[in-house]
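The structure under discussion appears below in the form of structure tokens.
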Amino acid sequence: MKQALPILIGSIIFLQGLSAYGQQKDTVKIKQDTIVSNYSTYKRSITFSGLLQTRYIASLSSNVDVNGANFNAASASKISNNFLLKRARFIVTGNVNDHFSANLMMDLAEFNGNAANKVLDNAYIKYSLSKHFNIEAGQFRPFFGIEDAVANDIIRTLDYSNQYYAFGASGWQSFQVGIAILGTITNEGQLPLKYYVGAYNGNNRNVANDNDNTKNFYARLEVSPAKNLILGINGASGSLGNGTGYAWGGDIQNRLDLSSKWQLTLNGEFKTGNNFALFNTYTLKPSLSQVMMQGFYVFPIIRYNYGRKRVRAVEFSSRYEYFNQSYKLNSNPEQTIIPNVTLIFADDFYAALQLGVSIDMYQKDIPLTTTYTHNLAYVQFQVRF
């Protein structure tokens with residue numbers, strides 16, 4: 001881990017050099033347009049936005065509640081259907097000038113349950129020198145896969161993947177406290193290549209102090225060899241409590257325009273890494289190298305651009321995911337299929353209604369736990385503003 005810090009510092013110095021050319025171009029453009037003598041309020045602004053997501057869910061499996069937990073039919077009745085406020089995110093973005101900004105995102109729906117170490121999602125300062133060099137410092141999502149790279153207020157199916165939540169619980173992704181450097185390496189007209197590197201505590205969001213002196217380091221590269229095609233690779237090393245480990249993965253995003261009305265989008269992702277969250281539950285600790293998780297998913301979406309005033313598009317999708325939270329020790333893989341239909345009433349998912357079924361299948365069912373095969377139907381409505 002100590003060897004990784006000089007590498008990170010060296011990368012920062014190298015990327016600063018790459019950004020010089022872009023900075024010079026920006027300066028020339030400003031001088032051509034206007035003479036700025038004080039950048040204190042240059043392009044200062046503040047914007048407010050948010051996401052409200054509510055849903056109705058119903059268990060389609062006998063003796064399984066809405067949380068996917070199996071229960072004894074002879075015991076007290078369990079909840080088999082529920083109205084739920086899933087997300088109520090409020091986002092504030094403040095631009096001090098053309099280089100400095102701040103971002104805050106809170107999820108007020110967290111107050112519905114135990115809000116400890118929750119509610120506050122994003123809270124970071126961003127310094128934008130050019131498209132080649134940007135810094136984020138504070139609490140943010142490290143770019144470690146497709147679900148971290150896309151906007152967090154656009155959800156095109158029931159929820160994020162199982163691997164996203166598992167890797168987030170082990171400190172590999174989701175909201176973390178640290179610093180990130182990102183930008184585009186190449187110039188216009190060259191093969192698009194983006195980079196993301198950073199260091200963070202790895203203890204997840206809203207934790208004031210790290211629990212050890214080891215920091216997590218991550219890196220991501222994205223290349224676009226063809227129009228609407230993005231290939232990404234991710235790598236990270238770090239810890240959460242006892243022991244140090246690693247995680248890595250790769251992903252693909254592709255969109256094909258089948259006609260003027262029809263589009264096919266295909267996303268896929270594979271990840272593997274140490275499952276710190278599971279490892280820390282063992283009283284008698286096995287070797288950390290034996291507690292490894294891995295999984296992949298494919299997410300095809302067929303979109304029909306209806307183009308009417310009140311109904312903009314219809315999307316048909318079916319995400320398939322294979323995930324094993326411990327494939328070397330006590331292996332019990334889970335497969336999830338989520339067929340989904342989305343009616344989009346305003347462009348860019350500003351208003352959408354989704355209907356579908358989540359089908360979860362385990363290789364081995366464990367009675368009276370959530371590790372139990374079940375089906376869940378849902379109707380979900382979300383509005384961005």
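Letters A, B, ... mark the chains of the structure tokens in the order given; residue numbers begin at 1 per chain; ligand numbers begin at 1, in order shown.
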Subject >> Test item: residues at most 7 Å from Val383 (chain A), only C-alpha atoms, excluding those fewer than 4 positions along its chain, as a ChimeraX atom specification >> reply: /A:51-53,350-352
Using 10 Å as the limit and counting only C-alpha atoms, can you tabulate each residue of region 280-315 of chain A that touches region 250-274 of chain A, with its shortest atom-to-atom distance in Å and the two atoms involved, as JSON lines?
```
{"residue": "A:Leu288", "atom": "CA", "partner": "A:Asn274", "partner_atom": "CA", "distance": 7.3}
{"residue": "A:Ser289", "atom": "CA", "partner": "A:Asn274", "partner_atom": "CA", "distance": 7.1}
{"residue": "A:Gln290", "atom": "CA", "partner": "A:Asn274", "partner_atom": "CA", "distance": 8.3}
{"residue": "A:Val291", "atom": "CA", "partner": "A:Asn274", "partner_atom": "CA", "distance": 6.0}
{"residue": "A:Met292", "atom": "CA", "partner": "A:Asn274", "partner_atom": "CA", "distance": 4.5}
{"residue": "A:Met293", "atom": "CA", "partner": "A:Gly273", "partner_atom": "CA", "distance": 5.6}
{"residue": "A:Gln294", "atom": "CA", "partner": "A:Thr272", "partner_atom": "CA", "distance": 4.0}
{"residue": "A:Gly295", "atom": "CA", "partner": "A:Lys271", "partner_atom": "CA", "distance": 5.7}
{"residue": "A:Phe296", "atom": "CA", "partner": "A:Phe270", "partner_atom": "CA", "distance": 4.2}
{"residue": "A:Tyr297", "atom": "CA", "partner": "A:Gly268", "partner_atom": "CA", "distance": 5.5}
{"residue": "A:Val298", "atom": "CA", "partner": "A:Gly268", "partner_atom": "CA", "distance": 4.3}
{"residue": "A:Phe299", "atom": "CA", "partner": "A:Asn267", "partner_atom": "CA", "distance": 5.0}
{"residue": "A:Pro300", "atom": "CA", "partner": "A:Leu266", "partner_atom": "CA", "distance": 4.4}
{"residue": "A:Ile301", "atom": "CA", "partner": "A:Thr265", "partner_atom": "CA", "distance": 5.0}
{"residue": "A:Ile302", "atom": "CA", "partner": "A:Leu264", "partner_atom": "CA", "distance": 4.7}
{"residue": "A:Arg303", "atom": "CA", "partner": "A:Gln263", "partner_atom": "CA", "distance": 5.1}
{"residue": "A:Tyr304", "atom": "CA", "partner": "A:Trp262", "partner_atom": "CA", "distance": 4.8}
{"residue": "A:Asn305", "atom": "CA", "partner": "A:Lys261", "partner_atom": "CA", "distance": 5.0}
{"residue": "A:Tyr306", "atom": "CA", "partner": "A:Lys261", "partner_atom": "CA", "distance": 7.1}
{"residue": "A:Gly307", "atom": "CA", "partner": "A:Lys261", "partner_atom": "CA", "distance": 8.6}
{"residue": "A:Ala313", "atom": "CA", "partner": "A:Lys261", "partner_atom": "CA", "distance": 9.2}
{"residue": "A:Val314", "atom": "CA", "partner": "A:Trp262", "partner_atom": "CA", "distance": 9.9}
{"residue": "A:Glu315", "atom": "CA", "partner": "A:Gln263", "partner_atom": "CA", "distance": 9.3}
```
Those residues with N, CA and C atoms, as a JSON list (two decimals), in the first residue's frame please?
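again08.json written:
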```json
[["chain", "number", "residue", "atom", "x", "y", "z"],
["A", 288, "LEU", "N", -8.16, -14.39, 4.32],
["A", 288, "LEU", "CA", -8.88, -13.39, 3.55],
["A", 288, "LEU", "C", -8.92, -13.73, 2.07],
["A", 289, "SER", "N", -7.90, -14.41, 1.60],
["A", 289, "SER", "CA", -7.85, -14.78, 0.18],
["A", 289, "SER", "C", -8.94, -15.78, -0.19],
["A", 290, "GLN", "N", -9.56, -16.41, 0.82],
["A", 290, "GLN", "CA", -10.63, -17.36, 0.56],
["A", 290, "GLN", "C", -12.01, -16.70, 0.54],
["A", 291, "VAL", "N", -12.09, -15.46, 1.00],
["A", 291, "VAL", "CA", -13.38, -14.77, 1.06],
["A", 291, "VAL", "C", -13.43, -13.80, -0.11],
["A", 292, "MET", "N", -13.79, -14.33, -1.26],
["A", 292, "MET", "CA", -13.79, -13.58, -2.52],
["A", 292, "MET", "C", -15.18, -13.60, -3.14],
["A", 293, "MET", "N", -15.61, -12.45, -3.64],
["A", 293, "MET", "CA", -16.90, -12.36, -4.34],
["A", 293, "MET", "C", -16.65, -12.05, -5.81],
["A", 294, "GLN", "N", -17.59, -12.45, -6.64],
["A", 294, "GLN", "CA", -17.49, -12.12, -8.06],
["A", 294, "GLN", "C", -18.86, -12.24, -8.70],
["A", 295, "GLY", "N", -19.02, -11.55, -9.81],
["A", 295, "GLY", "CA", -20.29, -11.62, -10.50],
["A", 295, "GLY", "C", -20.26, -10.81, -11.78],
["A", 296, "PHE", "N", -21.30, -10.98, -12.56],
["A", 296, "PHE", "CA", -21.44, -10.22, -13.79],
["A", 296, "PHE", "C", -22.92, -10.01, -14.08],
["A", 297, "TYR", "N", -23.20, -9.02, -14.89],
["A", 297, "TYR", "CA", -24.57, -8.84, -15.37],
["A", 297, "TYR", "C", -24.54, -8.33, -16.80],
["A", 298, "VAL", "N", -25.63, -8.59, -17.50],
["A", 298, "VAL", "CA", -25.87, -8.02, -18.82],
["A", 298, "VAL", "C", -27.23, -7.33, -18.75],
["A", 299, "PHE", "N", -27.29, -6.16, -19.37],
["A", 299, "PHE", "CA", -28.48, -5.32, -19.24],
["A", 299, "PHE", "C", -28.86, -4.75, -20.60],
["A", 300, "PRO", "N", -29.60, -5.52, -21.40],
["A", 300, "PRO", "CA", -30.06, -5.00, -22.70],
["A", 300, "PRO", "C", -31.34, -4.18, -22.53],
["A", 301, "ILE", "N", -31.41, -3.08, -23.27],
["A", 301, "ILE", "CA", -32.59, -2.20, -23.25],
["A", 301, "ILE", "C", -32.99, -1.89, -24.68],
["A", 302, "ILE", "N", -34.23, -2.19, -25.02],
["A", 302, "ILE", "CA", -34.77, -1.82, -26.32],
["A", 302, "ILE", "C", -35.69, -0.61, -26.10],
["A", 303, "ARG", "N", -35.40, 0.46, -26.80],
["A", 303, "ARG", "CA", -36.13, 1.72, -26.62],
["A", 303, "ARG", "C", -36.87, 2.10, -27.90],
["A", 304, "TYR", "N", -38.14, 2.42, -27.74],
["A", 304, "TYR", "CA", -38.93, 2.94, -28.84],
["A", 304, "TYR", "C", -39.22, 4.41, -28.57],
["A", 305, "ASN", "N", -38.70, 5.30, -29.41],
["A", 305, "ASN", "CA", -38.89, 6.74, -29.24],
["A", 305, "ASN", "C", -40.25, 7.11, -29.85],
["A", 306, "TYR", "N", -41.26, 7.08, -29.00],
["A", 306, "TYR", "CA", -42.64, 7.31, -29.44],
["A", 306, "TYR", "C", -42.83, 8.75, -29.94],
["A", 307, "GLY", "N", -42.23, 9.69, -29.23],
["A", 307, "GLY", "CA", -42.18, 11.06, -29.70],
["A", 307, "GLY", "C", -43.45, 11.86, -29.58],
["A", 313, "ALA", "N", -41.19, 8.06, -24.79],
["A", 313, "ALA", "CA", -40.54, 6.81, -25.19],
["A", 313, "ALA", "C", -41.05, 5.67, -24.33],
["A", 314, "VAL", "N", -40.81, 4.44, -24.83],
["A", 314, "VAL", "CA", -41.09, 3.22, -24.07],
["A", 314, "VAL", "C", -39.84, 2.36, -24.12],
["A", 315, "GLU", "N", -39.44, 1.82, -22.95],
["A", 315, "GLU", "CA", -38.26, 0.96, -22.89],
["A", 315, "GLU", "C", -38.64, -0.42, -22.38]]
```
Original post:
If we count only C-alpha atoms, what is near region 63-71 of chain A at a cut-off of 12 Å, once residues fewer than 3 positions away on the same chain are taken out, given as a ChimeraX atom specification?
Top reply: /A:56-60,74-84,358-362,365-378
What does the file look like for those residues with N, CA and C atoms, as a tab-separated table (two decimals), in the first residue's frame?
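Contents of out.tsv, freshly written:
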```
chain	number	residue	atom	x	y	z
A	56	TYR	N	-44.63	0.49	-5.32
A	56	TYR	CA	-45.46	-0.52	-4.67
A	56	TYR	C	-44.85	-1.87	-5.00
A	57	ILE	N	-44.61	-2.70	-3.98
A	57	ILE	CA	-44.00	-4.01	-4.18
A	57	ILE	C	-44.89	-5.08	-3.56
A	58	ALA	N	-44.86	-6.27	-4.18
A	58	ALA	CA	-45.67	-7.39	-3.67
A	58	ALA	C	-44.91	-8.69	-3.89
A	59	SER	N	-44.81	-9.48	-2.84
A	59	SER	CA	-44.17	-10.78	-2.95
A	59	SER	C	-45.07	-11.75	-3.70
A	60	LEU	N	-44.50	-12.46	-4.66
A	60	LEU	CA	-45.24	-13.46	-5.43
A	60	LEU	C	-44.93	-14.88	-4.96
A	74	ALA	N	-46.53	-20.76	10.21
A	74	ALA	CA	-47.24	-20.86	11.49
A	74	ALA	C	-46.94	-19.68	12.40
A	75	SER	N	-45.92	-18.88	12.07
A	75	SER	CA	-45.54	-17.75	12.92
A	75	SER	C	-46.44	-16.55	12.62
A	76	ALA	N	-46.15	-15.46	13.27
A	76	ALA	CA	-46.93	-14.24	13.05
A	76	ALA	C	-46.86	-13.82	11.59
A	77	SER	N	-47.96	-13.22	11.11
A	77	SER	CA	-48.01	-12.85	9.70
A	77	SER	C	-46.94	-11.84	9.34
A	78	LYS	N	-46.40	-11.96	8.13
A	78	LYS	CA	-45.39	-11.05	7.63
A	78	LYS	C	-45.97	-10.17	6.53
A	79	ILE	N	-45.27	-9.11	6.21
A	79	ILE	CA	-45.75	-8.17	5.20
A	79	ILE	C	-45.42	-8.70	3.81
A	80	SER	N	-46.46	-8.91	3.01
A	80	SER	CA	-46.26	-9.45	1.67
A	80	SER	C	-46.45	-8.40	0.58
A	81	ASN	N	-46.90	-7.19	0.95
A	81	ASN	CA	-47.00	-6.09	-0.01
A	81	ASN	C	-46.84	-4.78	0.73
A	82	ASN	N	-46.36	-3.76	0.01
A	82	ASN	CA	-45.99	-2.54	0.72
A	82	ASN	C	-45.88	-1.37	-0.25
A	83	PHE	N	-46.32	-0.18	0.19
A	83	PHE	CA	-46.00	1.06	-0.49
A	83	PHE	C	-44.72	1.60	0.14
A	84	LEU	N	-43.83	2.09	-0.69
A	84	LEU	CA	-42.50	2.44	-0.19
A	84	LEU	C	-41.99	3.71	-0.86
A	358	SER	N	-38.94	-8.99	-10.21
A	358	SER	CA	-37.58	-9.38	-9.85
A	358	SER	C	-37.59	-10.85	-9.45
A	359	ILE	N	-36.87	-11.66	-10.20
A	359	ILE	CA	-36.82	-13.11	-9.98
A	359	ILE	C	-35.44	-13.46	-9.42
A	360	ASP	N	-35.39	-13.88	-8.15
A	360	ASP	CA	-34.13	-14.22	-7.49
A	360	ASP	C	-34.07	-15.71	-7.21
A	361	MET	N	-32.98	-16.34	-7.67
A	361	MET	CA	-32.83	-17.79	-7.53
A	361	MET	C	-31.47	-18.10	-6.92
A	362	TYR	N	-31.48	-18.89	-5.83
A	362	TYR	CA	-30.24	-19.32	-5.17
A	362	TYR	C	-29.98	-20.79	-5.49
A	365	ASP	N	-31.19	-22.87	-1.07
A	365	ASP	CA	-32.03	-22.04	-0.21
A	365	ASP	C	-31.72	-22.31	1.26
A	366	ILE	N	-31.67	-21.24	2.04
A	366	ILE	CA	-31.47	-21.35	3.48
A	366	ILE	C	-32.75	-20.87	4.15
A	367	PRO	N	-33.53	-21.79	4.74
A	367	PRO	CA	-34.81	-21.40	5.33
A	367	PRO	C	-34.67	-20.31	6.40
A	368	LEU	N	-35.71	-19.49	6.49
A	368	LEU	CA	-35.81	-18.42	7.49
A	368	LEU	C	-34.73	-17.35	7.34
A	369	THR	N	-34.22	-17.17	6.13
A	369	THR	CA	-33.25	-16.11	5.83
A	369	THR	C	-33.66	-15.46	4.50
A	370	THR	N	-32.92	-14.41	4.12
A	370	THR	CA	-33.14	-13.78	2.81
A	370	THR	C	-32.43	-14.53	1.69
A	371	THR	N	-31.62	-15.52	2.04
A	371	THR	CA	-30.99	-16.38	1.02
A	371	THR	C	-31.98	-17.45	0.64
A	372	TYR	N	-32.99	-17.05	-0.08
A	372	TYR	CA	-34.12	-17.92	-0.37
A	372	TYR	C	-34.75	-17.49	-1.69
A	373	THR	N	-34.97	-18.45	-2.59
A	373	THR	CA	-35.54	-18.15	-3.90
A	373	THR	C	-36.91	-17.50	-3.77
A	374	HIS	N	-37.11	-16.40	-4.51
A	374	HIS	CA	-38.37	-15.68	-4.41
A	374	HIS	C	-38.57	-14.78	-5.63
A	375	ASN	N	-39.83	-14.33	-5.81
A	375	ASN	CA	-40.19	-13.42	-6.89
A	375	ASN	C	-40.90	-12.20	-6.29
A	376	LEU	N	-40.61	-11.03	-6.87
A	376	LEU	CA	-41.17	-9.78	-6.35
A	376	LEU	C	-41.69	-8.94	-7.52
A	377	ALA	N	-42.96	-8.56	-7.47
A	377	ALA	CA	-43.53	-7.68	-8.48
A	377	ALA	C	-43.47	-6.24	-7.97
A	378	TYR	N	-43.33	-5.29	-8.92
A	378	TYR	CA	-43.23	-3.89	-8.50
A	378	TYR	C	-43.83	-2.96	-9.56
```
Subject >> Non-local contacts of Phe48 (chain A) (7 Å; only C-alpha atoms; under 5 positions in same chain excluded) as JSON, numbers by chain >> reply: {"A": [91, 92, 93]}
Original post:
What's the 8 Å shell around Asp148 (chain A), counting only C-alpha atoms, without same-chain residues fewer than 6 positions away, as JSON, numbers by chain?
Top reply: {"A": [141, 142, 173, 174]}
**OP:** Using DSSP on the backbone coordinates, identify all residues within region 124-286 of chain A classified as alpha helix (DSSP H); present the result as a ChimeraX atom specification.
**Re:** /A:146-149,162-169,276-279
